[in-house]
Amino acid sequence: MKVLREFFFSDPSSKKWSAPAGSVVDGASIPRALWTIIGSPYTGDYRRASVVHDVACLEAGNDKKKRRAADRMFFHACRAGGCSIWQSMILYLGVRIGAAAANVPSWHAAIATETTGPRIRRTDDELRLERDFQAIADRVLAPGETDEPEELERRADEALLAVAGLRSIGGAKRPRR
């Protein structure tokens, strides 16, 4: 999707997150394998959040701290866009899994199928990613809803460690397996 005119979101600390005119976004921050349960980033109350998040992720590159900041912004933008706390938490987990996917060998094949075009069935690898997402979401949601991104991030880090074996070191992730 191409942004026709500048679009931006100001987070609670008044930081302006911009998607300049001409930006191309693809919704890839949430792995396509999860779109069947989370929803497409091109529809719904989080569509605008996905636009600024995609641009922020491109700008972050491989900088893990900038990516985490973009993910926190996405949570705030989802809330501002009309998503409930619960929806925003689920969507946030989708982008965190998208950020972590390269570091989880068992998710690599599911991510690789994203460019294969239309199909009528999900692969076993995509189903595994979906099950892992559900296990992570169950752990994060078990204590109840939170509208605090730092608390959500802490819970997500613990769940990613428990389910996918990822450890957080200085904002970066590395596989435990």
# chains A, B, ... in the order shown; residues from 1 in each chain; ligands from 1
$ residues_around --residues "A:Glu59" --least-positions-apart "2" --cutoff "12 Å" --atoms "only C-alpha atoms" --output "PyMOL selection string"
chain A and resi 17-20+23+52-57+61-67+69-70
$ select_by_dssp --residues "stretch 20-99 of chain A" --states "alpha helix (DSSP H)" --output "PyMOL selection string"
chain A and resi 35-38+47-60+64-80+85-99
$ residues_around --residues "A:Ala162" --least-positions-apart "5" --cutoff "10 Å" --atoms "only C-alpha atoms" --output "PyMOL selection string"
chain A and resi 135-136+139+156-157+167
$ write_last_selection --atoms "N, CA, C and O atoms" --output "mmCIF file, in the first residue's frame"
data_model
loop_
_atom_site.group_PDB
_atom_site.id
_atom_site.type_symbol
_atom_site.label_atom_id
_atom_site.label_comp_id
_atom_site.auth_asym_id
_atom_site.auth_seq_id
_atom_site.Cartn_x
_atom_site.Cartn_y
_atom_site.Cartn_z
ATOM 1 N N ALA A 135 -0.135 -19.753 22.465
ATOM 2 C CA ALA A 135 0.462 -20.053 23.775
ATOM 3 C C ALA A 135 1.052 -18.790 24.396
ATOM 4 O O ALA A 135 0.924 -18.549 25.606
ATOM 5 N N ILE A 136 1.696 -17.967 23.573
ATOM 6 C CA ILE A 136 2.266 -16.707 24.065
ATOM 7 C C ILE A 136 1.138 -15.787 24.528
ATOM 8 O O ILE A 136 1.197 -15.205 25.616
ATOM 9 N N ARG A 139 -0.364 -16.803 27.875
ATOM 10 C CA ARG A 139 0.496 -16.423 29.008
ATOM 11 C C ARG A 139 0.410 -14.928 29.301
ATOM 12 O O ARG A 139 0.380 -14.509 30.454
ATOM 13 N N ALA A 156 5.363 -10.079 27.548
ATOM 14 C CA ALA A 156 5.675 -10.657 26.238
ATOM 15 C C ALA A 156 7.067 -11.274 26.240
ATOM 16 O O ALA A 156 7.270 -12.378 25.708
ATOM 17 N N ASP A 157 8.038 -10.588 26.838
ATOM 18 C CA ASP A 157 9.397 -11.133 26.920
ATOM 19 C C ASP A 157 9.409 -12.464 27.680
ATOM 20 O O ASP A 157 10.050 -13.421 27.253
ATOM 21 N N ARG A 167 15.681 -15.175 24.843
ATOM 22 C CA ARG A 167 16.131 -14.406 26.001
ATOM 23 C C ARG A 167 16.340 -12.965 25.579
ATOM 24 O O ARG A 167 16.829 -12.702 24.497
#
$ closest_atom_pairs --of "stretch 104-170 of chain A" --to "stretch 85-91 of chain A" --cutoff "10 Å" --atoms "only C-alpha atoms" --output "tab-separated table"
residue	atom	partner	partner_atom	distance
A:Phe133	CA	A:Ile90	CA	9.4
A:Gln134	CA	A:Ile90	CA	9.6
A:Ile136	CA	A:Ile90	CA	9.8
A:Ala137	CA	A:Ile90	CA	6.8
A:Asp138	CA	A:Ile90	CA	9.9
A:Val140	CA	A:Met89	CA	8.5
A:Leu141	CA	A:Met89	CA	8.1
A:Gly144	CA	A:Trp86	CA	8.9
A:Glu145	CA	A:Trp86	CA	6.2
A:Thr146	CA	A:Ile85	CA	6.9
A:Asp147	CA	A:Ile85	CA	6.1
A:Glu148	CA	A:Ile85	CA	9.6
A:Pro149	CA	A:Met89	CA	8.8
A:Leu152	CA	A:Met89	CA	7.3
A:Glu153	CA	A:Met89	CA	9.7
A:Ala156	CA	A:Met89	CA	9.6
$ closest_atom_pairs --of "stretch 59-121 of chain A" --to "stretch 26-39 of chain A" --cutoff "7 Å" --atoms "only C-alpha atoms" --output "Markdown table"
| residue | atom | partner | partner_atom | distance |
| --- | --- | --- | --- | --- |
| A:Leu91 | CA | A:Ile38 | CA | 6.9 |
| A:Gly94 | CA | A:Ile30 | CA | 5.1 |
| A:Val95 | CA | A:Ile30 | CA | 4.8 |
| A:Gly98 | CA | A:Ile30 | CA | 5.1 |
| A:Ala110 | CA | A:Ala33 | CA | 6.7 |
| A:Ile111 | CA | A:Pro31 | CA | 6.6 |
| A:Glu114 | CA | A:Arg32 | CA | 6.1 |
$ write_last_selection --atoms "N, CA and C atoms" --output "compact mmCIF listing (two decimals), in the first residue's frame"
# COMPACT_ATOMS: atom_id res chain seq x y z
N LEU A 91 -2.67 -7.53 19.18
CA LEU A 91 -1.98 -6.95 18.03
C LEU A 91 -0.51 -6.68 18.36
N GLY A 94 1.42 -9.74 18.10
CA GLY A 94 1.69 -10.06 16.69
C GLY A 94 2.93 -9.37 16.16
N VAL A 95 3.10 -8.07 16.50
CA VAL A 95 4.29 -7.38 16.00
C VAL A 95 5.55 -7.81 16.76
N GLY A 98 6.55 -10.90 15.12
CA GLY A 98 7.17 -10.51 13.84
C GLY A 98 8.61 -10.07 14.03
N ALA A 110 7.66 -20.81 8.25
CA ALA A 110 6.36 -20.13 8.21
C ALA A 110 6.50 -18.73 7.63
N ILE A 111 7.56 -18.05 7.99
CA ILE A 111 7.81 -16.71 7.48
C ILE A 111 8.16 -16.77 6.00
N GLU A 114 5.46 -16.65 3.20
CA GLU A 114 4.69 -15.43 3.01
C GLU A 114 4.76 -14.91 1.58
$ atom_distance --atom1 "atom CA of A:Arg72" --atom2 "atom CA of A:Leu161"
18.9 Å
$ atom_distance --atom1 "atom CA of A:Glu6" --atom2 "atom CA of A:Glu150"
28.6 Å
$ residues_around --residues "A:Asp124" --least-positions-apart "4" --cutoff "10 Å" --atoms "only C-alpha atoms" --output "ChimeraX atom specification"
/A:109-110,128-130
$ atom_distance --atom1 "atom CA of A:Phe9" --atom2 "atom CA of A:Val51"
9.8 Å
$ closest_residue --among "A:Ser10, A:Asp71, A:Ala80, A:Lys2" --to "A:Tyr46" --atoms "only C-alpha atoms"
A:Ala80
$ residues_around --residues "A:His108" --least-positions-apart "6" --cutoff "9 Å" --atoms "only C-alpha atoms" --output "MDAnalysis selection string"
chainID A and resid 101:102 125
$ write_last_selection --atoms "N, CA, C and O atoms" --output "mmCIF file, in the first residue's frame"
data_model
loop_
_atom_site.group_PDB
_atom_site.id
_atom_site.type_symbol
_atom_site.label_atom_id
_atom_site.label_comp_id
_atom_site.auth_asym_id
_atom_site.auth_seq_id
_atom_site.Cartn_x
_atom_site.Cartn_y
_atom_site.Cartn_z
ATOM 1 N N ALA A 101 10.733 -13.308 14.948
ATOM 2 C CA ALA A 101 10.658 -14.474 14.060
ATOM 3 C C ALA A 101 12.006 -14.895 13.478
ATOM 4 O O ALA A 101 12.289 -16.090 13.369
ATOM 5 N N ALA A 102 12.845 -13.946 13.135
ATOM 6 C CA ALA A 102 14.146 -14.297 12.550
ATOM 7 C C ALA A 102 15.034 -15.041 13.535
ATOM 8 O O ALA A 102 15.962 -15.749 13.126
ATOM 9 N N ASP A 125 4.172 -25.607 9.261
ATOM 10 C CA ASP A 125 5.010 -24.576 9.898
ATOM 11 C C ASP A 125 4.181 -23.357 10.288
ATOM 12 O O ASP A 125 4.379 -22.783 11.359
#
$ decode --residues "stretch 95-173 of chain A" --atoms "C-alpha atoms" --output "CSV table (one decimal), in the first residue's frame"
chain,number,residue,atom,x,y,z
A,95,VAL,CA,4.3,-7.4,16.0
A,96,ARG,CA,6.6,-8.7,18.8
A,97,ILE,CA,6.4,-12.1,17.2
A,98,GLY,CA,7.2,-10.5,13.8
A,99,ALA,CA,10.2,-8.9,15.4
A,100,ALA,CA,11.4,-12.1,17.0
A,101,ALA,CA,10.7,-14.5,14.1
A,102,ALA,CA,14.1,-14.3,12.5
A,103,ASN,CA,15.6,-15.6,15.9
A,104,VAL,CA,13.3,-18.6,16.2
A,105,PRO,CA,14.4,-21.4,13.8
A,106,SER,CA,11.1,-23.2,14.1
A,107,TRP,CA,9.3,-20.1,12.7
A,108,HIS,CA,11.6,-19.6,9.7
A,109,ALA,CA,9.7,-21.8,7.3
A,110,ALA,CA,6.4,-20.1,8.2
A,111,ILE,CA,7.8,-16.7,7.5
A,112,ALA,CA,9.3,-17.9,4.2
A,113,THR,CA,5.9,-19.0,2.9
A,114,GLU,CA,4.7,-15.4,3.0
A,115,THR,CA,5.9,-14.8,-0.5
A,116,THR,CA,4.5,-17.9,-2.2
A,117,GLY,CA,1.2,-16.4,-3.2
A,118,PRO,CA,-2.4,-17.6,-2.6
A,119,ARG,CA,-3.0,-21.1,-1.2
A,120,ILE,CA,-6.0,-23.0,0.2
A,121,ARG,CA,-4.2,-24.4,3.2
A,122,ARG,CA,-1.7,-23.3,5.8
A,123,THR,CA,1.4,-25.3,6.1
A,124,ASP,CA,2.4,-27.3,9.2
A,125,ASP,CA,5.0,-24.6,9.9
A,126,GLU,CA,2.4,-21.8,9.8
A,127,LEU,CA,0.1,-23.8,12.1
A,128,ARG,CA,3.0,-24.2,14.5
A,129,LEU,CA,3.6,-20.4,14.5
A,130,GLU,CA,-0.1,-20.0,15.1
A,131,ARG,CA,-0.1,-22.4,18.1
A,132,ASP,CA,3.0,-20.7,19.5
A,133,PHE,CA,1.3,-17.3,19.1
A,134,GLN,CA,-1.7,-18.7,21.0
A,135,ALA,CA,0.5,-20.1,23.8
A,136,ILE,CA,2.3,-16.7,24.1
A,137,ALA,CA,-1.0,-14.8,24.1
A,138,ASP,CA,-2.5,-17.1,26.7
A,139,ARG,CA,0.5,-16.4,29.0
A,140,VAL,CA,0.4,-12.7,28.4
A,141,LEU,CA,-3.4,-12.4,28.9
A,142,ALA,CA,-3.6,-14.7,32.0
A,143,PRO,CA,-2.9,-11.9,34.5
A,144,GLY,CA,-5.6,-9.7,32.9
A,145,GLU,CA,-5.6,-6.7,30.6
A,146,THR,CA,-3.0,-4.0,31.0
A,147,ASP,CA,-3.0,-0.6,29.3
A,148,GLU,CA,0.7,-0.1,30.3
A,149,PRO,CA,3.1,-1.0,27.4
A,150,GLU,CA,6.0,-1.5,29.7
A,151,GLU,CA,4.1,-4.2,31.6
A,152,LEU,CA,2.9,-5.7,28.3
A,153,GLU,CA,6.5,-5.8,27.1
A,154,ARG,CA,7.7,-7.5,30.2
A,155,ARG,CA,4.9,-10.2,29.9
A,156,ALA,CA,5.7,-10.7,26.2
A,157,ASP,CA,9.4,-11.1,26.9
A,158,GLU,CA,8.6,-13.8,29.6
A,159,ALA,CA,6.2,-15.6,27.2
A,160,LEU,CA,8.6,-15.5,24.3
A,161,LEU,CA,11.3,-17.0,26.6
A,162,ALA,CA,8.9,-19.7,27.9
A,163,VAL,CA,7.3,-20.7,24.5
A,164,ALA,CA,10.1,-19.9,21.9
A,165,GLY,CA,13.2,-20.0,24.1
A,166,LEU,CA,14.1,-16.3,23.4
A,167,ARG,CA,16.1,-14.4,26.0
A,168,SER,CA,16.2,-10.6,26.2
A,169,ILE,CA,19.7,-9.1,26.5
A,170,GLY,CA,19.8,-5.3,26.5
A,171,GLY,CA,16.8,-5.0,24.3
A,172,ALA,CA,18.1,-7.6,21.8
A,173,LYS,CA,16.8,-11.1,21.5
